[in-house]
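Structure data (mmCIF, C-alpha atoms) from final26.cif:
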```
data_upload
loop_
_atom_site.label_atom_id
_atom_site.label_comp_id
_atom_site.auth_asym_id
_atom_site.auth_seq_id
_atom_site.Cartn_x
_atom_site.Cartn_y
_atom_site.Cartn_z
CA MET A 16 12.26 19.52 -18.28
CA LYS A 17 9.77 18.59 -21.02
CA LEU A 18 6.24 19.71 -21.75
CA SER A 19 3.79 17.97 -24.04
CA LYS A 20 2.97 19.50 -27.42
CA ASN A 21 -0.44 20.55 -26.14
CA LYS A 22 1.09 22.40 -23.20
CA ILE A 23 3.73 24.04 -25.42
CA ASN A 24 0.96 25.08 -27.79
CA SER A 25 -1.13 26.60 -24.99
CA MET A 26 1.88 28.32 -23.46
CA PHE A 27 2.93 30.07 -26.66
CA ASP A 28 -0.68 30.94 -27.48
CA SER A 29 -0.83 32.73 -24.13
CA ILE A 30 2.28 34.87 -24.76
CA SER A 31 1.90 35.44 -28.52
CA ASN A 32 1.06 39.15 -28.35
CA GLU A 33 3.96 39.98 -26.02
CA TYR A 34 6.57 37.58 -27.38
CA ASP A 35 8.41 39.93 -29.74
CA PHE A 36 8.47 42.76 -27.21
CA LEU A 37 9.84 40.62 -24.39
CA ASN A 38 12.31 38.87 -26.68
CA ASN A 39 13.85 42.26 -27.46
CA ILE A 40 14.18 43.09 -23.78
CA ILE A 41 15.49 39.71 -22.65
CA THR A 42 18.20 39.51 -25.36
CA PHE A 43 18.90 43.28 -25.30
CA GLY A 44 18.06 43.23 -29.01
CA GLY A 45 20.83 40.72 -29.71
CA HIS A 46 18.46 38.22 -31.31
CA VAL A 47 18.05 40.59 -34.27
CA LYS A 48 21.72 40.33 -35.27
CA TRP A 49 21.82 36.58 -34.65
CA LYS A 50 18.79 36.04 -36.87
CA ASN A 51 20.42 38.19 -39.54
CA ASP A 52 23.47 35.95 -39.21
CA ILE A 53 21.23 32.98 -40.02
CA VAL A 54 20.19 34.69 -43.26
CA LYS A 55 23.83 35.38 -44.17
CA ILE A 56 24.72 31.73 -43.66
CA ALA A 57 21.69 30.60 -45.66
CA ARG A 58 22.49 32.97 -48.52
CA GLU A 59 25.77 31.12 -49.15
CA ASN A 60 23.73 28.15 -50.43
CA ASN A 61 21.68 30.29 -52.83
CA PRO A 62 18.55 28.49 -51.59
CA LYS A 63 15.37 28.22 -53.62
CA THR A 64 13.30 26.55 -50.91
CA ILE A 65 13.45 27.47 -47.20
CA LEU A 66 11.61 25.99 -44.23
CA ASP A 67 11.54 27.83 -40.90
CA ILE A 68 10.47 25.40 -38.18
CA ALA A 69 8.97 26.76 -34.94
CA THR A 70 8.60 30.01 -36.85
CA GLY A 71 6.53 31.61 -34.09
CA THR A 72 5.82 35.21 -35.10
CA ALA A 73 7.77 34.65 -38.35
CA ASP A 74 10.76 36.79 -37.41
CA ILE A 75 13.28 34.58 -39.21
CA ALA A 76 10.94 33.67 -42.06
CA ILE A 77 10.43 37.36 -42.83
CA ARG A 78 14.18 37.97 -42.83
CA PHE A 79 14.63 35.18 -45.38
CA SER A 80 12.62 37.29 -47.85
CA GLU A 81 15.88 39.22 -48.38
CA ILE A 82 17.10 36.19 -50.36
CA GLU A 83 15.80 36.68 -53.90
CA ASN A 84 13.88 34.00 -55.77
CA SER A 85 13.35 31.90 -52.67
CA LYS A 86 10.15 30.19 -51.55
CA ILE A 87 9.74 30.50 -47.77
CA ILE A 88 7.48 28.41 -45.56
CA GLY A 89 7.19 28.80 -41.80
CA ILE A 90 5.48 26.27 -39.55
CA ASP A 91 4.50 26.34 -35.89
CA ILE A 92 2.11 24.50 -33.58
CA SER A 93 0.80 27.73 -32.03
CA SER A 94 -2.05 29.25 -34.02
CA LYS A 95 -1.89 32.54 -32.14
CA MET A 96 1.84 32.96 -32.74
CA LEU A 97 1.14 32.37 -36.42
CA ASP A 98 -1.63 34.99 -36.34
CA VAL A 99 0.89 37.56 -35.12
CA GLY A 100 3.30 36.44 -37.83
CA ARG A 101 0.68 36.73 -40.57
CA GLU A 102 -0.12 40.28 -39.50
CA LYS A 103 3.58 41.20 -39.70
CA ILE A 104 3.85 39.57 -43.13
CA GLN A 105 0.82 41.46 -44.39
CA ASN A 106 2.13 44.77 -43.04
CA LYS A 107 5.41 44.19 -44.90
CA ASP A 108 3.59 43.20 -48.10
CA LEU A 109 5.23 39.77 -48.12
CA VAL A 110 2.10 37.62 -48.44
CA LYS A 111 3.31 36.19 -51.77
CA ARG A 112 6.81 35.48 -50.45
CA VAL A 113 6.27 34.00 -47.00
CA ILE A 114 3.68 31.28 -46.30
CA LEU A 115 2.81 30.27 -42.74
CA LYS A 116 1.24 26.94 -41.82
CA LYS A 117 0.25 25.22 -38.61
CA GLY A 118 2.50 22.20 -38.36
CA ASP A 119 4.38 19.80 -36.12
CA ALA A 120 8.19 19.67 -36.39
CA GLU A 121 8.11 15.98 -35.47
CA ASN A 122 5.61 15.07 -38.22
CA LEU A 123 6.40 17.27 -41.22
CA GLU A 124 3.92 17.17 -44.09
CA PHE A 125 6.59 17.74 -46.75
CA ASP A 126 8.25 15.30 -49.15
CA SER A 127 11.81 14.15 -48.51
CA ASN A 128 14.61 16.35 -49.90
CA SER A 129 12.27 19.35 -50.27
CA PHE A 130 14.25 22.25 -48.74
CA ASP A 131 17.66 23.77 -49.38
CA ILE A 132 17.65 25.50 -45.99
CA ILE A 133 15.91 24.56 -42.75
CA SER A 134 16.11 26.96 -39.82
CA ILE A 135 14.95 26.58 -36.24
CA GLY A 136 15.19 29.64 -34.01
CA TYR A 137 14.81 29.00 -30.28
CA GLY A 138 12.60 26.02 -30.98
CA VAL A 139 14.45 22.71 -30.72
CA ARG A 140 14.51 22.68 -26.94
CA ASN A 141 10.71 22.70 -27.02
CA PHE A 142 10.48 19.56 -29.17
CA GLU A 143 8.64 16.83 -27.30
CA ASN A 144 10.86 14.25 -29.00
CA LEU A 145 14.15 15.90 -29.99
CA GLU A 146 15.53 12.97 -31.97
CA ARG A 147 12.35 12.55 -33.98
CA GLY A 148 12.19 16.27 -34.75
CA LEU A 149 15.80 16.37 -35.95
CA LYS A 150 15.32 13.23 -38.05
CA GLU A 151 12.32 14.85 -39.72
CA SER A 152 14.44 17.91 -40.52
CA PHE A 153 17.10 15.61 -41.94
CA ARG A 154 14.50 13.84 -44.09
CA VAL A 155 13.07 16.95 -45.75
CA LEU A 156 16.46 18.66 -46.20
CA SER A 157 17.88 18.46 -49.72
CA ALA A 158 21.09 16.55 -50.42
CA LYS A 159 23.29 19.67 -50.36
CA GLY A 160 21.12 21.59 -47.91
CA LYS A 161 21.95 23.14 -44.57
CA LEU A 162 20.23 23.02 -41.21
CA ILE A 163 20.72 26.23 -39.20
CA ILE A 164 19.69 26.27 -35.56
CA LEU A 165 19.76 29.21 -33.14
CA GLU A 166 19.30 28.12 -29.54
CA THR A 167 20.08 29.16 -26.00
CA SER A 168 23.23 27.64 -24.53
CA ILE A 169 25.36 27.65 -21.41
CA PRO A 170 28.55 29.79 -21.46
CA ALA A 171 31.73 27.73 -21.05
CA ASN A 172 33.54 30.38 -19.00
CA VAL A 173 32.83 29.88 -15.29
CA LEU A 174 32.56 33.60 -14.46
CA ILE A 175 30.34 34.37 -17.43
CA ARG A 176 28.21 31.32 -16.62
CA PHE A 177 27.78 32.61 -13.05
CA VAL A 178 26.57 36.00 -14.33
CA PHE A 179 24.37 34.26 -16.90
CA ASN A 180 22.69 32.14 -14.22
CA ILE A 181 21.94 35.20 -12.09
CA TYR A 182 20.57 37.02 -15.12
CA THR A 183 18.28 34.18 -16.17
CA SER A 184 17.12 33.46 -12.63
CA LEU A 185 16.42 37.02 -11.54
CA PHE A 186 16.19 39.47 -14.44
CA ILE A 187 14.06 37.37 -16.77
CA ARG A 188 11.66 36.44 -13.98
CA PHE A 189 11.44 40.08 -12.90
CA ILE A 190 10.78 41.37 -16.42
CA SER A 191 8.21 38.67 -17.17
CA SER A 192 6.40 39.32 -13.90
CA ILE A 193 5.88 42.92 -15.00
CA PHE A 194 5.15 42.58 -18.71
CA SER A 195 3.84 39.05 -19.26
CA LYS A 196 0.31 37.74 -18.90
CA ASN A 197 1.84 34.35 -18.18
CA PRO A 198 5.11 34.72 -16.19
CA LYS A 199 5.20 30.95 -15.64
CA ALA A 200 5.89 30.53 -19.35
CA TYR A 201 9.15 32.42 -18.99
CA THR A 202 10.07 30.41 -15.92
CA TYR A 203 9.74 27.30 -18.07
CA LEU A 204 11.76 28.84 -20.90
CA GLU A 205 14.49 29.84 -18.45
CA LYS A 206 14.68 26.39 -16.83
CA SER A 207 14.56 24.53 -20.14
CA ALA A 208 17.39 26.69 -21.47
CA LYS A 209 19.63 25.60 -18.59
CA LYS A 210 18.88 21.90 -19.04
CA PHE A 211 19.05 21.68 -22.83
CA PRO A 212 22.34 20.25 -24.20
CA SER A 213 24.55 22.83 -25.85
CA GLY A 214 27.90 23.17 -27.61
CA ASN A 215 29.58 19.85 -28.39
CA ASP A 216 26.84 17.93 -26.59
CA PHE A 217 24.19 19.20 -29.00
CA ALA A 218 26.56 18.88 -31.96
CA ASN A 219 26.93 15.19 -31.13
CA ILE A 220 23.15 14.82 -31.07
CA LEU A 221 23.00 16.33 -34.57
CA ILE A 222 25.67 13.91 -35.77
CA GLY A 223 23.80 11.04 -34.15
CA THR A 224 20.69 11.85 -36.19
CA GLY A 225 22.61 11.84 -39.48
CA PHE A 226 23.96 15.36 -39.91
CA LYS A 227 27.61 16.09 -40.68
CA ASN A 228 30.03 19.02 -40.90
CA VAL A 229 28.52 20.55 -37.76
CA LYS A 230 29.75 24.05 -36.97
CA ILE A 231 29.28 25.69 -33.57
CA ILE A 232 29.09 29.50 -33.53
CA PRO A 233 28.71 30.96 -30.00
CA LYS A 234 26.91 34.29 -29.54
CA LEU A 235 26.98 36.62 -26.52
CA PHE A 236 29.82 34.72 -24.82
CA GLY A 237 27.97 31.46 -25.41
CA ALA A 238 24.57 32.44 -24.02
CA SER A 239 23.16 31.57 -27.44
CA THR A 240 24.66 29.44 -30.18
CA ILE A 241 24.18 29.00 -33.91
CA TYR A 242 24.65 25.45 -35.16
CA VAL A 243 25.13 24.79 -38.87
CA ALA A 244 24.96 21.24 -40.22
CA SER A 245 24.75 19.59 -43.62
CA LYS A 246 23.10 16.40 -44.83
#
```
Kindly transcribe the structure held in the file into structure tokens.
Amino acid sequence: MKLSKNKINSMFDSISNEYDFLNNIITFGGHVKWKNDIVKIARENNPKTILDIATGTADIAIRFSEIENSKIIGIDISSKMLDVGREKIQNKDLVKRVILKKGDAENLEFDSNSFDIISIGYGVRNFENLERGLKESFRVLSAKGKLIILETSIPANVLIRFVFNIYTSLFIRFISSIFSKNPKAYTYLEKSAKKFPSGNDFANILIGTGFKNVKIIPKLFGASTIYVASK
């Protein structure tokens, strides 16, 4: 299930003001720990330059400010998501540490080998052209850099997968129908999560686009997964 960039842009613009609130409810706050895990993994590289792709409301980009002496850039195609992110950055007095730009993951404006860390939190499944987006990340990643991706995934355990499917089909739709101005957006996010390759399937896609040393770190019984890859 794929949407064009324009439709993805419009969809996230429409849910920008509610996104953080609903993300907390839908993940039961779990996304906070998983994003902190991304920072811990990134810190191991002692990065000086960090790019957060599909930064949205800058949740991960802001967390990267905990890494001293690092330059952080977040990009997203949704202007309204970025507006929410800029307000959060200003409120935390991080304007000099975290820079947000409107940008396309599949056509990055940066020079090759520019970033020690590239992160993508719940964004790759929305790429219009997954291979092109990953190849662009590979291009701008430094020689010893790491790509860290947090994405929804399908639990391997049959029983857990059954519960997961009920949860995503019923609970998320119910919650979004109450709190969202655009419940259809969450229907798309739910359906795309089920169809997007996960685990070894996604790891093989990363390898196919040039990455190596791919690590798979399941979260919440495999309902989300962190992937770590090097250049």
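Evaluated on this file, the PyMOL selection byres ((chain A and resi 113) around 7) matches Ala76, Ile77, Ile87, Ile88, Leu109, Val110, Lys111, Arg112, Ile114 and Leu115 of chain A.
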Please dump the current selection as a PDB file, in the coordinates of the input; keep C-alpha atoms.
```pdb
ATOM      1  CA  ALA A  76      10.940  33.670 -42.060  1.00  0.00           C
ATOM      2  CA  ILE A  77      10.430  37.360 -42.830  1.00  0.00           C
ATOM      3  CA  ILE A  87       9.740  30.500 -47.770  1.00  0.00           C
ATOM      4  CA  ILE A  88       7.480  28.410 -45.560  1.00  0.00           C
ATOM      5  CA  LEU A 109       5.230  39.770 -48.120  1.00  0.00           C
ATOM      6  CA  VAL A 110       2.100  37.620 -48.440  1.00  0.00           C
ATOM      7  CA  LYS A 111       3.310  36.190 -51.770  1.00  0.00           C
ATOM      8  CA  ARG A 112       6.810  35.480 -50.450  1.00  0.00           C
ATOM      9  CA  ILE A 114       3.680  31.280 -46.300  1.00  0.00           C
ATOM     10  CA  LEU A 115       2.810  30.270 -42.740  1.00  0.00           C
TER      11      LEU A 115
END
```
Point to revise | Polymer residues at most 12 Å from Phe153 in chain A, all atoms listed in the file, same-chain spacing of 6 or more positions, as a PyMOL selection string | key: chain A and resi 66+120-121+123+125-134+146-147+159-163+221-227+244-246
Could you take the residues named above and write them with C-alpha atoms, as a PDB file, in the frame of the given file?
```
ATOM      1  CA  LEU A  66      11.610  25.990 -44.230  1.00  0.00           C
ATOM      2  CA  ALA A 120       8.190  19.670 -36.390  1.00  0.00           C
ATOM      3  CA  GLU A 121       8.110  15.980 -35.470  1.00  0.00           C
ATOM      4  CA  LEU A 123       6.400  17.270 -41.220  1.00  0.00           C
ATOM      5  CA  PHE A 125       6.590  17.740 -46.750  1.00  0.00           C
ATOM      6  CA  ASP A 126       8.250  15.300 -49.150  1.00  0.00           C
ATOM      7  CA  SER A 127      11.810  14.150 -48.510  1.00  0.00           C
ATOM      8  CA  ASN A 128      14.610  16.350 -49.900  1.00  0.00           C
ATOM      9  CA  SER A 129      12.270  19.350 -50.270  1.00  0.00           C
ATOM     10  CA  PHE A 130      14.250  22.250 -48.740  1.00  0.00           C
ATOM     11  CA  ASP A 131      17.660  23.770 -49.380  1.00  0.00           C
ATOM     12  CA  ILE A 132      17.650  25.500 -45.990  1.00  0.00           C
ATOM     13  CA  ILE A 133      15.910  24.560 -42.750  1.00  0.00           C
ATOM     14  CA  SER A 134      16.110  26.960 -39.820  1.00  0.00           C
ATOM     15  CA  GLU A 146      15.530  12.970 -31.970  1.00  0.00           C
ATOM     16  CA  ARG A 147      12.350  12.550 -33.980  1.00  0.00           C
ATOM     17  CA  LYS A 159      23.290  19.670 -50.360  1.00  0.00           C
ATOM     18  CA  GLY A 160      21.120  21.590 -47.910  1.00  0.00           C
ATOM     19  CA  LYS A 161      21.950  23.140 -44.570  1.00  0.00           C
ATOM     20  CA  LEU A 162      20.230  23.020 -41.210  1.00  0.00           C
ATOM     21  CA  ILE A 163      20.720  26.230 -39.200  1.00  0.00           C
ATOM     22  CA  LEU A 221      23.000  16.330 -34.570  1.00  0.00           C
ATOM     23  CA  ILE A 222      25.670  13.910 -35.770  1.00  0.00           C
ATOM     24  CA  GLY A 223      23.800  11.040 -34.150  1.00  0.00           C
ATOM     25  CA  THR A 224      20.690  11.850 -36.190  1.00  0.00           C
ATOM     26  CA  GLY A 225      22.610  11.840 -39.480  1.00  0.00           C
ATOM     27  CA  PHE A 226      23.960  15.360 -39.910  1.00  0.00           C
ATOM     28  CA  LYS A 227      27.610  16.090 -40.680  1.00  0.00           C
ATOM     29  CA  ALA A 244      24.960  21.240 -40.220  1.00  0.00           C
ATOM     30  CA  SER A 245      24.750  19.590 -43.620  1.00  0.00           C
ATOM     31  CA  LYS A 246      23.100  16.400 -44.830  1.00  0.00           C
TER      32      LYS A 246
END
```
Study note, to complete from the structure: Counting all atoms listed in the file, closest pick from A:Leu204, A:Val229, A:Leu174, A:Leu235 relative to Ile187 in chain A is A:Leu204
Exercise for review: Would you mind reading off the distance between CA of Thr240 in chain A and CA of Ile181 in chain A, one decimal, in Å?
Suggested key: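 CA of Thr240 in chain A sits 19.2 Å away from CA of Ile181 in chain A.
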Exercise for review: Check what the PyMOL selection byres ((chain A and resi 171) around 12) selects in the file above and give those residues as a PyMOL selection string.
Suggested key: chain A and resi 168-170+172-179+213-215+233-240
Let's have the selection written as a compact mmCIF listing (two decimals), in the coordinates of the input, with C-alpha atoms.
```txt
# COMPACT_ATOMS: atom_id res chain seq x y z
CA SER A 168 23.23 27.64 -24.53
CA ILE A 169 25.36 27.65 -21.41
CA PRO A 170 28.55 29.79 -21.46
CA ASN A 172 33.54 30.38 -19.00
CA VAL A 173 32.83 29.88 -15.29
CA LEU A 174 32.56 33.60 -14.46
CA ILE A 175 30.34 34.37 -17.43
CA ARG A 176 28.21 31.32 -16.62
CA PHE A 177 27.78 32.61 -13.05
CA VAL A 178 26.57 36.00 -14.33
CA PHE A 179 24.37 34.26 -16.90
CA SER A 213 24.55 22.83 -25.85
CA GLY A 214 27.90 23.17 -27.61
CA ASN A 215 29.58 19.85 -28.39
CA PRO A 233 28.71 30.96 -30.00
CA LYS A 234 26.91 34.29 -29.54
CA LEU A 235 26.98 36.62 -26.52
CA PHE A 236 29.82 34.72 -24.82
CA GLY A 237 27.97 31.46 -25.41
CA ALA A 238 24.57 32.44 -24.02
CA SER A 239 23.16 31.57 -27.44
CA THR A 240 24.66 29.44 -30.18
```
Point to revise | Residues returned when the PyMOL selection byres ((chain A and resi 19-23) around 9) runs on this file, as a PyMOL selection string | key: chain A and resi 17-18+24-28+92-93+119+141-143
Check your understanding: Need the neighbours of (16.4, 21.9, -28.6): which residues are at most 9 Å away, counting only C-alpha atoms, as a list of chain:residue names?
Key ->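 Checked against the point, the hits come out as A:Tyr137, A:Gly138, A:Val139, A:Arg140, A:Asn141, A:Phe142, A:Leu145, A:Ile164, A:Glu166, A:Thr167, A:Ala208, A:Phe211, A:Pro212, A:Ser213, A:Phe217.
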Check your understanding: Which residue out of A:Val47, A:Ile68, A:Val54, A:Leu97 has the minimum interatomic distance to Asn32 in chain A when only C-alpha atoms are used?
Key ->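 Ranking A:Val47, A:Ile68, A:Val54, A:Leu97 by distance to Asn32 in chain A, first place goes to A:Leu97.
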**Study point:** Residue among A:Lys199, A:Lys117, A:His46, A:Arg154 lying closest to Asp98 in chain A, counting all atoms listed in the file
**Key:** A:Lys117
**Study point:** Surrounding residues of Lys86 in chain A excluding itself and chain neighbours under 4 positions, 7 Å, all atoms listed in the file, as a PyMOL selection string
**Key:** chain A and resi 63-65+112
Exercise for review: For Met96 in chain A, list every protein, DNA or RNA residue within 6 Å, evaluated using all atoms listed in the file, and leave out those in the same chain fewer than 6 positions away; present the list as a PyMOL selection string.
Suggested key: chain A and resi 31+71-72
Practice item. In Å, rounded to a single decimal, give me how far CA of Ala200 in chain A is from CA of Thr70 in chain A. Key: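 So the answer is 17.7 Å.
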Check your understanding: Interatomic distance between CA of Tyr242 in chain A and CA of Arg58 in chain A?
Key ->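 Computing the Euclidean distance for CA of Tyr242 in chain A and CA of Arg58 in chain A yields 15.5 Å.
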Check your understanding: Of the residues A:Ser207, A:Ser29, A:Asn38, A:Ser80, which is the one nearest to Asn51 in chain A, using all atoms listed in the file?
Key ->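 Comparing A:Ser207, A:Ser29, A:Asn38, A:Ser80 against Asn51 in chain A, the winner is A:Ser80.
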If I wrap all listed atoms of range 35-53 of chain A in a box with edges along x, y and z and add 6 Å on each side, what are its centre and edge lengths in Å to one decimal, as AutoDock Vina command-line options?
```
--center_x 15.9 --center_y 38.1 --center_z -31.3 --size_x 27.1 --size_y 22.3 --size_z 29.4
```
**Study point:** Best match for closeness to Glu151 in chain A among A:Ser195, A:Glu124, A:Gly136, A:Ala73, counting all atoms listed in the file
**Key:**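 Closest to Glu151 in chain A of all the choices is A:Glu124.
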**Study point:** A:Ile41, A:Ile75, A:Leu156, A:Leu149 ranked by distance to Gly89 in chain A, top pick (using all atoms listed in the file)
**Key:**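 Looking at the shortest contact to Gly89 in chain A, the residue is A:Ile75.
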